[in-house]
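Engineer: Got start_4.cif for you, mmCIF, C-alpha atoms:
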```cif
data_model
loop_
_atom_site.label_atom_id
_atom_site.label_comp_id
_atom_site.auth_asym_id
_atom_site.auth_seq_id
_atom_site.Cartn_x
_atom_site.Cartn_y
_atom_site.Cartn_z
CA MET A 1 -58.96 59.60 50.80
CA LYS A 2 -59.75 57.00 48.16
CA ARG A 3 -58.06 59.15 45.52
CA ILE A 4 -54.98 59.56 47.71
CA LEU A 5 -54.80 55.80 48.26
CA MET A 6 -55.13 55.16 44.52
CA GLU A 7 -52.35 57.64 43.76
CA TYR A 8 -50.17 56.00 46.45
CA ARG A 9 -50.75 52.51 45.06
CA SER A 10 -49.95 53.68 41.51
CA PHE A 11 -46.84 55.46 42.69
CA SER A 12 -45.60 52.39 44.57
CA LYS A 13 -45.81 50.38 41.35
CA ARG A 14 -43.65 52.97 39.59
CA LYS A 15 -41.16 52.90 42.47
CA LEU A 16 -41.01 49.14 42.36
CA LEU A 17 -40.51 49.30 38.62
CA PHE A 18 -37.70 51.82 39.09
CA LEU A 19 -36.16 49.77 41.87
CA PHE A 20 -36.25 46.63 39.74
CA GLY A 21 -34.83 48.48 36.75
CA ALA A 22 -32.13 50.14 38.83
CA VAL A 23 -31.08 46.85 40.39
CA VAL A 24 -30.98 45.14 36.99
CA LEU A 25 -29.07 48.02 35.43
CA CYS A 26 -26.63 48.38 38.32
CA GLY A 27 -26.15 44.64 38.56
CA GLY A 28 -25.71 44.30 34.82
CA LEU A 29 -23.19 47.10 34.63
CA GLY A 30 -21.34 45.77 37.64
CA ILE A 31 -21.20 42.23 36.27
CA SER A 32 -20.06 43.48 32.88
CA LEU A 33 -17.31 45.52 34.52
CA ILE A 34 -16.16 42.55 36.58
CA SER A 35 -16.26 40.16 33.63
CA CYS A 36 -14.42 42.64 31.41
CA TYR A 37 -11.89 43.49 34.14
CA PRO A 38 -8.36 43.44 32.73
CA GLY A 39 -6.96 40.16 33.98
CA ASP A 40 -3.70 38.53 34.90
CA ASP A 41 -3.60 36.31 31.83
CA ILE A 42 0.11 36.07 31.10
CA SER A 43 2.27 33.19 29.92
CA PRO A 44 5.49 32.09 31.70
CA SER A 45 7.63 33.88 29.10
CA GLN A 46 5.77 37.12 29.80
CA THR A 47 7.00 37.02 33.40
CA ASP A 48 10.60 37.65 32.31
CA ILE A 49 12.19 40.81 33.67
CA VAL A 50 15.55 42.19 32.52
CA ALA A 51 17.31 44.79 34.65
CA THR A 52 20.68 46.34 33.91
CA VAL A 53 22.77 48.71 36.00
CA PRO A 54 26.02 50.30 34.83
CA ASP A 55 28.74 52.10 36.72
CA LEU A 56 28.60 55.30 34.73
CA SER A 57 32.03 56.39 35.95
CA THR A 58 33.55 53.59 33.84
CA ASP A 59 34.96 54.49 30.43
CA PHE A 60 33.75 51.50 28.42
CA SER A 61 35.52 52.72 25.27
CA THR A 62 38.85 51.62 26.80
CA LYS A 63 37.58 48.12 27.63
CA LYS A 64 38.10 45.95 24.58
CA THR A 65 38.95 42.41 25.71
CA TYR A 66 37.18 39.99 28.03
CA ALA A 67 37.40 36.57 29.61
CA ARG A 68 34.71 34.38 31.18
CA PRO A 69 34.57 31.08 33.09
CA PRO A 70 33.89 27.82 31.21
CA ASP A 71 30.67 27.20 33.21
CA VAL A 72 27.76 29.15 34.60
CA CYS A 73 28.39 29.67 38.30
CA ALA A 74 26.13 28.89 41.21
CA VAL A 75 25.07 31.50 43.72
CA SER A 76 26.59 29.63 46.61
CA ASP A 77 27.68 32.25 49.10
CA PRO A 78 27.15 36.01 49.41
CA SER A 79 30.87 36.43 49.95
CA GLN A 80 31.94 34.25 47.03
CA THR A 81 34.68 35.85 44.96
CA GLY A 82 34.59 33.60 41.93
CA CYS A 83 32.89 30.81 40.08
CA ASP A 84 33.21 28.14 42.75
CA ASN A 85 30.54 25.58 41.96
CA PRO A 86 28.64 24.40 38.88
CA SER A 87 25.17 25.92 38.72
CA GLY A 88 23.30 22.64 38.29
CA ILE A 89 21.17 23.98 35.42
CA PRO A 90 20.67 21.79 32.31
CA ALA A 91 23.71 21.60 30.05
CA SER A 92 21.82 22.95 27.04
CA THR A 93 20.68 26.01 29.02
CA GLU A 94 24.21 26.59 30.24
CA GLN A 95 25.55 26.44 26.71
CA GLN A 96 22.83 28.84 25.55
CA ILE A 97 23.81 31.34 28.25
CA LEU A 98 27.50 31.20 27.44
CA ALA A 99 26.95 31.35 23.67
CA SER A 100 24.59 34.34 24.03
CA ILE A 101 27.11 36.19 26.18
CA ASP A 102 29.88 35.59 23.64
CA ALA A 103 27.70 36.70 20.74
CA ASN A 104 26.55 39.89 22.46
CA MET A 105 30.03 40.78 23.71
CA ALA A 106 31.23 40.47 20.12
CA GLY A 107 28.35 42.65 19.03
CA MET A 108 29.50 45.30 21.52
CA GLY A 109 33.01 45.27 20.06
CA PHE A 110 34.68 43.08 22.67
CA THR A 111 37.06 40.27 21.72
CA PRO A 112 38.25 37.39 23.90
CA ALA A 113 41.65 38.08 25.47
CA ASN A 114 42.64 34.70 24.01
CA PRO A 115 40.94 34.78 20.58
CA SER A 116 40.73 31.01 20.39
CA ASP A 117 39.48 30.49 23.94
CA PRO A 118 37.36 33.07 25.84
CA THR A 119 37.71 30.98 29.02
CA ASP A 120 41.50 31.37 29.12
CA ASN A 121 42.13 33.55 32.16
CA THR A 122 45.92 33.30 31.90
CA VAL A 123 45.89 36.05 29.26
CA PRO A 124 45.20 39.47 30.81
CA SER A 125 41.82 40.91 29.84
CA ASP A 126 40.23 44.35 30.30
CA VAL A 127 37.09 42.88 31.89
CA GLN A 128 35.84 39.60 33.29
CA VAL A 129 32.26 38.47 32.67
CA LEU A 130 30.78 36.10 35.24
CA PRO A 131 27.33 34.51 34.78
CA PHE A 132 25.52 33.18 37.86
CA ALA A 133 22.28 31.18 37.89
CA THR A 134 19.96 30.13 40.65
CA LYS A 135 16.52 28.62 41.03
CA ASN A 136 14.02 29.40 43.82
CA THR A 137 10.80 27.65 44.75
CA TRP A 138 8.17 29.80 46.44
CA ALA A 139 5.24 28.59 48.50
CA GLY A 140 2.26 30.49 49.79
CA SER A 141 -1.47 30.51 50.43
CA THR A 142 -4.29 32.79 49.38
CA CYS A 143 -8.08 32.85 49.01
CA TYR A 144 -10.27 32.11 46.06
CA PRO A 145 -11.52 35.51 44.84
CA TYR A 146 -15.16 36.54 45.36
CA TYR A 147 -15.76 33.80 47.88
CA TRP A 148 -17.88 35.33 50.59
CA GLY A 149 -18.70 32.46 52.88
CA GLY A 150 -17.36 29.31 54.37
CA TRP A 151 -15.13 28.37 57.20
CA TYR A 152 -11.87 26.52 56.74
CA GLY A 153 -9.21 26.03 59.31
CA GLY A 154 -9.87 29.31 61.04
CA SER A 155 -9.73 31.61 58.02
CA GLY A 156 -13.33 32.65 58.42
CA TRP A 157 -14.07 34.78 55.41
CA CYS A 158 -12.43 32.93 52.53
CA TYR A 159 -11.74 29.51 51.05
CA PRO A 160 -7.96 29.26 50.99
CA TYR A 161 -5.67 27.29 48.76
CA THR A 162 -1.89 26.79 48.74
CA TYR A 163 0.42 27.17 45.79
CA THR A 164 4.07 26.78 44.80
CA PHE A 165 5.99 28.12 41.87
CA THR A 166 9.62 28.15 40.76
CA THR A 167 11.53 31.09 39.39
CA GLY A 168 14.92 31.24 37.75
CA THR A 169 17.40 34.07 38.12
CA LEU A 170 20.40 34.76 35.90
CA LEU A 171 22.94 37.34 36.98
CA ILE A 172 25.72 38.53 34.67
CA VAL A 173 28.37 40.76 36.20
CA MET A 174 31.24 42.50 34.48
CA LEU A 175 34.29 43.11 36.69
CA LEU A 176 37.66 44.78 36.36
CA PRO A 177 40.33 42.10 36.99
CA ALA A 178 42.70 44.66 38.44
CA GLU A 179 40.25 45.62 41.20
CA PRO A 180 40.03 43.78 44.57
CA PRO A 181 37.70 40.72 44.57
CA ASN A 182 34.87 42.42 46.50
CA SER A 183 34.75 45.52 44.28
CA SER A 184 31.49 46.57 42.70
CA PRO A 185 30.93 45.43 39.12
CA ILE A 186 31.11 47.96 36.32
CA TRP A 187 27.99 46.45 34.77
CA SER A 188 25.33 44.05 36.01
CA ALA A 189 22.40 42.36 34.34
CA GLY A 190 19.68 40.57 36.28
CA ILE A 191 17.14 38.34 34.58
CA ASN A 192 14.23 36.74 36.40
CA GLY A 193 11.24 34.72 35.26
CA LEU A 194 8.84 31.94 36.01
CA LEU A 195 10.13 28.47 35.14
CA ASP A 196 6.92 26.50 35.66
CA GLY A 197 5.07 25.69 32.47
CA SER A 198 8.10 25.95 30.19
CA SER A 199 10.11 23.15 28.64
CA THR A 200 13.92 23.23 28.55
CA ASN A 201 13.82 24.34 24.91
CA GLN A 202 11.41 27.15 25.77
CA ILE A 203 13.60 28.23 28.68
CA ASN A 204 16.64 28.25 26.39
CA GLN A 205 14.77 30.50 23.95
CA ARG A 206 13.75 32.81 26.77
CA VAL A 207 17.35 32.97 28.02
CA PHE A 208 18.51 33.83 24.51
CA ASN A 209 15.94 36.63 24.21
CA ALA A 210 16.60 37.99 27.69
CA ILE A 211 20.39 38.16 27.34
CA ASN A 212 19.94 39.90 23.99
CA GLN A 213 17.62 42.40 25.68
CA ALA A 214 20.14 43.01 28.48
CA PHE A 215 22.80 44.03 26.00
CA LYS A 216 20.32 45.90 23.81
CA GLN A 217 19.38 48.19 26.71
CA SER A 218 23.08 48.76 27.51
CA PRO A 219 24.39 50.52 24.38
CA TYR A 220 27.12 52.27 26.44
CA LEU A 221 29.00 48.93 26.57
CA GLY A 222 29.85 49.38 22.89
CA ALA A 223 30.74 53.05 23.13
CA GLY A 224 33.89 53.95 21.19
CA LYS A 225 34.41 50.46 19.77
CA MET B 1 -12.69 43.74 50.18
CA ARG B 2 -13.46 46.64 52.53
CA THR B 3 -13.74 48.99 49.54
CA ARG B 4 -16.23 46.69 47.83
CA ARG B 5 -18.41 46.55 50.95
CA LEU B 6 -18.39 50.33 51.21
CA ILE B 7 -19.41 50.64 47.58
CA PHE B 8 -22.16 48.06 47.98
CA TRP B 9 -23.71 49.84 50.98
CA ILE B 10 -23.54 53.25 49.31
CA VAL B 11 -25.42 51.94 46.29
CA PHE B 12 -27.87 49.94 48.41
CA ILE B 13 -28.75 52.86 50.69
CA GLY B 14 -29.02 55.30 47.81
CA VAL B 15 -31.34 53.16 45.73
CA PHE B 16 -33.62 52.29 48.61
CA TYR B 17 -33.73 55.82 50.04
CA PHE B 18 -34.93 57.19 46.75
CA SER B 19 -37.38 54.35 46.27
CA PHE B 20 -39.15 54.10 49.62
CA SER B 21 -39.57 57.69 50.72
CA ASN B 22 -43.04 59.20 51.15
CA PRO B 23 -44.37 59.85 47.66
CA LEU B 24 -47.03 62.40 48.55
CA PHE B 25 -44.90 64.94 50.38
CA ALA B 26 -41.44 64.43 48.77
CA GLN B 27 -39.87 67.00 46.53
CA GLU B 28 -39.09 66.03 42.96
CA ARG B 29 -36.10 63.76 42.74
CA TYR B 30 -34.42 61.49 40.30
CA ALA B 31 -31.72 58.87 40.07
CA VAL B 32 -29.43 58.25 37.12
CA VAL B 33 -27.63 55.09 36.13
CA SER B 34 -25.01 55.82 33.51
CA TYR B 35 -22.29 54.31 31.37
CA GLN B 36 -19.03 56.27 31.34
CA ILE B 37 -16.05 56.60 29.03
CA SER B 38 -13.04 58.28 30.63
CA GLN B 39 -9.80 59.77 29.38
CA PRO B 40 -6.87 60.13 31.81
CA ARG B 41 -5.15 63.51 32.12
CA THR B 42 -1.93 64.90 33.70
CA ASP B 43 -0.40 62.52 36.28
CA THR B 44 -2.94 59.80 35.58
CA ALA B 45 -1.95 59.83 31.90
CA ASP B 46 1.72 59.45 32.92
CA PHE B 47 0.80 56.15 34.58
CA ILE B 48 -1.90 54.96 32.14
CA ASP B 49 -2.53 56.68 28.84
CA ASN B 50 -5.39 54.53 27.56
CA THR B 51 -9.03 55.54 27.33
CA SER B 52 -11.24 53.69 29.78
CA TYR B 53 -14.36 52.07 28.33
CA LEU B 54 -15.16 50.39 31.62
CA GLY B 55 -17.12 52.77 33.79
CA TRP B 56 -20.52 53.31 35.31
CA GLY B 57 -22.08 55.88 37.55
CA LEU B 58 -24.98 56.31 39.94
CA ASP B 59 -26.33 59.76 40.73
CA PHE B 60 -29.12 60.86 43.07
CA ARG B 61 -30.58 64.34 42.68
CA GLN B 62 -33.30 66.13 44.64
CA MET B 63 -34.76 69.37 43.36
CA VAL B 64 -34.70 71.96 46.14
CA ARG B 65 -35.85 74.73 43.81
CA GLU B 66 -37.27 74.65 40.31
CA ASN B 67 -33.78 74.98 38.84
CA VAL B 68 -31.48 73.76 41.61
CA SER B 69 -30.81 70.23 42.78
CA VAL B 70 -28.59 68.67 45.41
CA GLY B 71 -27.60 65.08 45.81
CA GLY B 72 -24.78 62.62 45.58
CA THR B 73 -22.76 60.89 42.95
CA PHE B 74 -20.85 57.64 42.81
CA ALA B 75 -18.94 55.96 40.00
CA TRP B 76 -16.45 53.23 39.18
CA ASN B 77 -13.96 53.80 36.37
CA ILE B 78 -11.31 51.26 35.41
CA PHE B 79 -8.14 52.31 33.60
CA HIS B 80 -5.70 49.72 32.28
CA GLU B 81 -2.59 49.62 30.17
CA ARG B 82 -0.33 46.73 29.25
CA THR B 83 3.08 47.82 28.01
CA SER B 84 6.65 46.59 27.58
CA ASP B 85 8.27 50.01 27.45
CA PRO B 86 11.64 50.12 29.26
CA ILE B 87 11.66 51.86 32.61
CA PRO B 88 14.69 54.04 33.31
CA VAL B 89 15.96 53.79 36.87
CA ASN B 90 18.51 55.77 38.80
CA ASN B 91 22.07 56.04 37.55
CA GLY B 92 21.55 54.86 33.99
CA GLY B 93 19.86 51.57 34.80
CA THR B 94 16.96 50.10 32.85
CA VAL B 95 14.22 47.59 33.68
CA THR B 96 12.29 45.82 30.95
CA GLY B 97 9.35 43.48 31.30
CA LEU B 98 5.67 43.12 30.56
CA GLN B 99 3.84 45.60 32.77
CA ASP B 100 0.17 45.66 33.70
CA ARG B 101 -0.92 49.03 35.05
CA THR B 102 -4.41 49.35 36.48
CA LEU B 103 -6.20 52.21 38.17
CA ASN B 104 -9.62 51.75 39.79
CA ALA B 105 -11.21 55.10 40.53
CA PHE B 106 -14.30 55.39 42.79
CA PRO B 107 -15.45 59.02 43.05
CA ILE B 108 -17.85 59.51 45.99
CA MET B 109 -19.16 63.07 46.14
CA ALA B 110 -21.95 65.44 47.04
CA ASN B 111 -23.47 67.35 44.13
CA ALA B 112 -25.20 70.66 43.49
CA SER B 113 -26.53 71.53 40.03
CA TYR B 114 -28.21 74.48 38.34
CA TYR B 115 -30.65 73.79 35.51
CA PHE B 116 -31.54 76.03 32.61
CA GLY B 117 -34.74 75.78 30.61
CA GLN B 118 -38.19 74.83 31.79
CA LYS B 119 -39.40 71.83 33.72
CA GLY B 120 -40.59 69.14 31.35
CA GLY B 121 -38.35 70.34 28.54
CA ILE B 122 -34.74 69.82 27.59
CA ARG B 123 -32.66 71.23 30.46
CA PRO B 124 -28.95 71.90 30.21
CA TYR B 125 -27.22 72.11 33.55
CA LEU B 126 -24.00 72.96 35.29
CA GLY B 127 -22.96 71.14 38.43
CA LEU B 128 -20.22 70.83 40.96
CA ASN B 129 -19.31 67.63 42.75
CA LEU B 130 -17.25 67.81 45.94
CA GLY B 131 -15.93 64.91 47.94
CA GLY B 132 -13.22 62.47 47.18
CA PHE B 133 -11.99 59.37 45.44
CA VAL B 134 -10.94 55.90 46.44
CA PHE B 135 -8.05 55.06 44.11
CA THR B 136 -6.60 51.57 43.83
CA GLN B 137 -3.42 51.59 41.78
CA THR B 138 -1.75 48.34 40.73
CA PHE B 139 1.61 48.00 39.01
CA SER B 140 2.64 44.50 37.93
CA ILE B 141 5.85 43.48 36.21
CA GLY B 142 6.83 39.84 35.80
CA ILE B 143 5.61 38.01 38.85
CA TRP B 144 5.93 41.11 41.03
CA GLN B 145 3.09 43.44 41.93
CA ILE B 146 2.72 46.66 43.89
CA GLU B 147 -0.77 47.76 44.91
CA ASP B 148 -1.87 50.85 46.78
CA THR B 149 -5.37 51.93 47.86
CA ARG B 150 -5.96 55.38 49.23
CA TRP B 151 -8.57 58.09 49.73
CA ASP B 152 -7.94 61.47 48.11
CA TRP B 153 -10.10 64.58 48.39
CA GLY B 154 -11.20 66.06 45.11
CA MET B 155 -13.85 67.69 42.98
CA ALA B 156 -15.58 67.20 39.64
CA PRO B 157 -17.17 70.13 37.83
CA GLU B 158 -19.84 68.92 35.46
CA ALA B 159 -21.89 70.06 32.48
CA GLY B 160 -24.73 68.15 30.93
CA VAL B 161 -28.25 68.07 29.58
CA VAL B 162 -31.41 66.30 30.72
CA ILE B 163 -33.65 65.19 27.86
CA PRO B 164 -37.09 64.05 28.99
CA LEU B 165 -38.44 60.81 27.58
CA GLN B 166 -41.76 59.14 28.26
CA HIS B 167 -43.25 58.20 31.64
CA ASP B 168 -40.89 60.01 34.03
CA PHE B 169 -37.75 58.73 32.35
CA ALA B 170 -35.09 61.02 30.99
CA LEU B 171 -31.83 60.72 29.09
CA VAL B 172 -28.89 62.43 30.78
CA VAL B 173 -25.69 63.19 28.88
CA SER B 174 -22.87 64.88 30.73
CA ALA B 175 -19.16 65.54 30.87
CA LYS B 176 -17.22 65.73 34.10
CA TYR B 177 -13.63 66.69 34.96
CA ASN B 178 -12.52 64.59 37.91
CA TYR B 179 -9.60 66.03 39.84
CA ALA B 180 -7.95 64.86 43.05
CA PHE B 181 -6.32 67.48 45.28
CA THR B 182 -3.94 64.95 46.78
CA GLY B 183 -2.43 61.67 45.70
CA GLU B 184 0.55 59.37 45.62
CA SER B 185 1.89 57.05 42.93
CA VAL B 186 2.72 53.39 43.59
CA THR B 187 6.36 54.46 43.96
CA GLY B 188 5.50 57.07 46.59
CA GLN B 189 5.71 60.23 44.52
CA ASP B 190 3.19 63.03 45.01
CA ILE B 191 0.72 63.17 42.14
CA ASN B 192 -2.73 64.56 41.29
CA ASN B 193 -4.93 62.07 39.52
CA ALA B 194 -7.27 63.61 36.97
CA TYR B 195 -9.51 62.33 34.21
CA VAL B 196 -12.40 63.45 32.04
CA SER B 197 -15.58 61.35 31.96
CA LEU B 198 -18.27 61.40 29.33
CA SER B 199 -21.42 59.70 30.54
CA ILE B 200 -24.76 58.75 29.08
CA GLY B 201 -27.43 57.58 31.45
CA LEU B 202 -31.06 56.87 32.13
CA ALA B 203 -32.86 58.84 34.82
CA PHE B 204 -36.05 58.03 36.61
CA GLU B 205 -37.79 61.18 37.66
CA GLN B 206 -40.21 60.99 40.56
#
```
Could I get this structure in the form of structure tokens?

Structural biologist:
Amino acid sequence: MKRILMEYRSFSKRKLLFLFGAVVLCGGLGISLISCYPGDDISPSQTDIVATVPDLSTDFSTKKTYARPPDVCAVSDPSQTGCDNPSGIPASTEQQILASIDANMAGMGFTPANPSDPTDNTVPSDVQVLPFATKNTWAGSTCYPYYWGGWYGGSGWCYPYTYTFTTGTLLIVMLLPAEPPNSSPIWSAGINGLLDGSSTNQINQRVFNAINQAFKQSPYLGAGK
Amino acid sequence: MRTRRLIFWIVFIGVFYFSFSNPLFAQERYAVVSYQISQPRTDTADFIDNTSYLGWGLDFRQMVRENVSVGGTFAWNIFHERTSDPIPVNNGGTVTGLQDRTLNAFPIMANASYYFGQKGGIRPYLGLNLGGFVFTQTFSIGIWQIEDTRWDWGMAPEAGVVIPLQHDFALVVSAKYNYAFTGESVTGQDINNAYVSLSIGLAFEQ
């Protein structure tokens, strides 16, 4: 009996040692995984998305001239058929958008219908290019991660906080002037990104890069030119 | 949150079951805590093609015969890739942006293993794990994110070697092919997640 009790007591020490070691090892590995977890550390410029969609039934090799409005348009109404209102974005950003469109259209082999004035819509052009810009402010609420306790306003299991952020969206559509006003565009580019945390100069640089990317991923626009 | 609670209770119950059972009448058993490196294969590699250096495992084995054990296995492997590769979409479209792709894999399985060699010596083994995985897939682009968590049945054949050390401790090195019979990508397509894990762990043998 005494020998059995001694063996039991010795074994319990080994089990406790294992338990302690296992907890330390498991906890250490878990903490290291959590601390090394790939995070969401991105800058505002890294939130930029560029999406382009062509109408592949269009023969872009026959489209050689273009015209555009003098200003960036506002997204004022889903049924709008033209550039009705100024966009309200800073003048320098507007100029950057228009200059980038002109430069990239030239790079794709397009020329303004009126060589001295791309905004002249009295001269017939093969395509019309309309840029639209809008800004949206989002608001929401969420919980601080890994917060297990507390009670706040009825949420129970988390400590909530509210947030707002503003995004900008630029839409460039290419239309056939001969088609009815509500016809689908032959090419569209959508650009979206976070505006918070960027100065006007930084936003202008991002717009420049994004418009370049939109045309870069649309090589068919320059086909046959 | 629910997944984390499940994982916590599995680990908690496993560790305490193997620690507080009757020492005088129990069969030989051991637990293994391991570090794992994993390489995605097939459909998993289509989503994330980077090697995972973030992984750990917890295994519990009970010898039912001198060369056969049964038990359970649990692990957590994190796969991640950050890329700016363009994504082709239907009808010639393209989407470009900084993408963060993450896959958290939690295999939870029962295990049976056959050991070669003699007790107390170096023992190679072959094992089969059957059960399933909890997969959490996250796809982020710009400020947008899609996340999907699901359970998929699967298996993981295993080969390894147990190398005894001093005082009931042993080194366990093994390779495992994790394969899910079912699965779905974040965009809703049918896939079969699969990855190879190489693990090195410390076992306490009772």

Engineer: When you draw a straight line from CA of Phe74 in chain B to CA of Cys143 in chain A, how long is it in Å?

Structural biologist: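 Rounded to one decimal, the two atoms are 28.6 Å apart.
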
Engineer: Could you jot down the CA of Pro54 in chain A to CA of Ala210 in chain A separation for me, Å, one decimal place?

Structural biologist: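 So the answer is 17.1 Å.
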
Engineer: Rounded to one decimal, what separation in Å do you get between CA of Arg29 in chain B and CA of Ile163 in chain B?

Structural biologist: 15.1 Å

Engineer: Need to verify the contact set: Thr102 in chain B, 9 Å, all atoms listed in the file, exclusion of same-chain residues closer than 4 positions in sequence. Can you return it as a list of chain:residue names?

Structural biologist: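 Contacts, with the query itself left out: A:Pro38, B:Phe47, B:Ile48, B:Ile78, B:Phe79, B:His80, B:Glu81, B:Arg82, B:Thr136, B:Gln137, B:Thr138, B:Phe139, B:Ser140.
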
Engineer: Which residues would end up in the selection if the PyMOL selection byres ((chain B and resi 110) around 6) were applied here, given that I need the answer as a list in words?

Structural biologist: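 Checking the PyMOL selection byres ((chain B and resi 110) around 6) against this file, the residues are Gly71, Gly72, Met109, Asn111, Asn129 and Leu130 of chain B.
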
Engineer: Can I get the selection written as a short mmCIF file (atom, residue, chain, number, x, y, z; two decimals), in the coordinates of the input, with C-alpha atoms?

Structural biologist:
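The result, stored in part_11.cif:
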```cif
data_model
loop_
_atom_site.label_atom_id
_atom_site.label_comp_id
_atom_site.auth_asym_id
_atom_site.auth_seq_id
_atom_site.Cartn_x
_atom_site.Cartn_y
_atom_site.Cartn_z
CA GLY B 71 -27.60 65.08 45.81
CA GLY B 72 -24.78 62.62 45.58
CA MET B 109 -19.16 63.07 46.14
CA ASN B 111 -23.47 67.35 44.13
CA ASN B 129 -19.31 67.63 42.75
CA LEU B 130 -17.25 67.81 45.94
#
```

Engineer: What residues in chain B have any atom no more than 7 Å from chain A when counting only C-alpha atoms, and can you write them as a PyMOL selection string?

Structural biologist: chain B and resi 19+54+56+80+92-98+142-143+204

Engineer: What are the centre and edge lengths in Å, to one decimal, of the axis-aligned box around all listed atoms of range 180-194 of chain B with 8 Å added on each side, as JSON?

Structural biologist:
```
{"center_x": -0.8, "center_y": 60.4, "center_z": 41.9, "size_x": 30.3, "size_y": 30.1, "size_z": 25.8}
```

Engineer: Select, from B:Leu198, B:Ala180, B:Met63, B:Ala75, the residue with the minimum atom-to-atom distance to Val33 in chain B, counting all atoms listed in the file.

Structural biologist: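 With all atoms listed in the file as the atom set, the closest residue is B:Ala75.
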
Engineer: Expand the PyMOL selection byres ((chain A and resi 222) around 12) into the individual residues it matches in the shown file, reporting them as a VMD selection string.

Structural biologist: chain A and resid 59 to 65 104 to 111 215 to 221 223 to 225

Engineer: Write the residues of the selection above to a file with C-alpha atoms, as a PDB file, in the frame of the given file.

Structural biologist:
```pdb
ATOM      1  CA  ASP A  59      34.960  54.490  30.430  1.00  0.00           C
ATOM      2  CA  PHE A  60      33.750  51.500  28.420  1.00  0.00           C
ATOM      3  CA  SER A  61      35.520  52.720  25.270  1.00  0.00           C
ATOM      4  CA  THR A  62      38.850  51.620  26.800  1.00  0.00           C
ATOM      5  CA  LYS A  63      37.580  48.120  27.630  1.00  0.00           C
ATOM      6  CA  LYS A  64      38.100  45.950  24.580  1.00  0.00           C
ATOM      7  CA  THR A  65      38.950  42.410  25.710  1.00  0.00           C
ATOM      8  CA  ASN A 104      26.550  39.890  22.460  1.00  0.00           C
ATOM      9  CA  MET A 105      30.030  40.780  23.710  1.00  0.00           C
ATOM     10  CA  ALA A 106      31.230  40.470  20.120  1.00  0.00           C
ATOM     11  CA  GLY A 107      28.350  42.650  19.030  1.00  0.00           C
ATOM     12  CA  MET A 108      29.500  45.300  21.520  1.00  0.00           C
ATOM     13  CA  GLY A 109      33.010  45.270  20.060  1.00  0.00           C
ATOM     14  CA  PHE A 110      34.680  43.080  22.670  1.00  0.00           C
ATOM     15  CA  THR A 111      37.060  40.270  21.720  1.00  0.00           C
ATOM     16  CA  PHE A 215      22.800  44.030  26.000  1.00  0.00           C
ATOM     17  CA  LYS A 216      20.320  45.900  23.810  1.00  0.00           C
ATOM     18  CA  GLN A 217      19.380  48.190  26.710  1.00  0.00           C
ATOM     19  CA  SER A 218      23.080  48.760  27.510  1.00  0.00           C
ATOM     20  CA  PRO A 219      24.390  50.520  24.380  1.00  0.00           C
ATOM     21  CA  TYR A 220      27.120  52.270  26.440  1.00  0.00           C
ATOM     22  CA  LEU A 221      29.000  48.930  26.570  1.00  0.00           C
ATOM     23  CA  ALA A 223      30.740  53.050  23.130  1.00  0.00           C
ATOM     24  CA  GLY A 224      33.890  53.950  21.190  1.00  0.00           C
ATOM     25  CA  LYS A 225      34.410  50.460  19.770  1.00  0.00           C
TER      26      LYS A 225
END
```

Engineer: Apply the PyMOL selection byres ((chain B and resi 178) around 7) to the structure shown and report the selected residues as a JSON list (two decimals) with C-alpha atoms, keeping the file's coordinate frame.

Structural biologist:
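result.json written:
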```json
[["chain", "number", "residue", "atom", "x", "y", "z"],
["B", 155, "MET", "CA", -13.85, 67.69, 42.98],
["B", 156, "ALA", "CA", -15.58, 67.20, 39.64],
["B", 176, "LYS", "CA", -17.22, 65.73, 34.10],
["B", 177, "TYR", "CA", -13.63, 66.69, 34.96],
["B", 179, "TYR", "CA", -9.60, 66.03, 39.84],
["B", 180, "ALA", "CA", -7.95, 64.86, 43.05],
["B", 194, "ALA", "CA", -7.27, 63.61, 36.97],
["B", 195, "TYR", "CA", -9.51, 62.33, 34.21],
["B", 196, "VAL", "CA", -12.40, 63.45, 32.04]]
```

Engineer: Write out as a PyMOL selection string the residues lying within 9 Å of Tyr66 in chain A, counting all atoms listed in the file and excluding same-chain residues fewer than 5 positions away.

Structural biologist: chain A and resi 105+110-114+118+124-129

Engineer: Neighbours of Asn204 in chain A within 10 Å (only C-alpha atoms; same-chain residues fewer than 4 positions away dropped), as a PyMOL selection string?

Structural biologist: chain A and resi 90+92-97+198-200+208-210

Engineer: Need the shell around Lys119 in chain B: protein/DNA/RNA residues with any atom at most 8 Å away, counting only C-alpha atoms. Skip same-chain ones fewer than 3 positions apart. Format as number ranges by chain?

Structural biologist: B: 66, 122-123

Engineer: Find the residue from A:Ser87, A:Thr58, A:Asn201, A:Asn182 that sits nearest to Asp71 in chain A; use all atoms listed in the file when measuring.

Structural biologist: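 Using all atoms listed in the file, the shortest distance to Asp71 in chain A belongs to A:Ser87.
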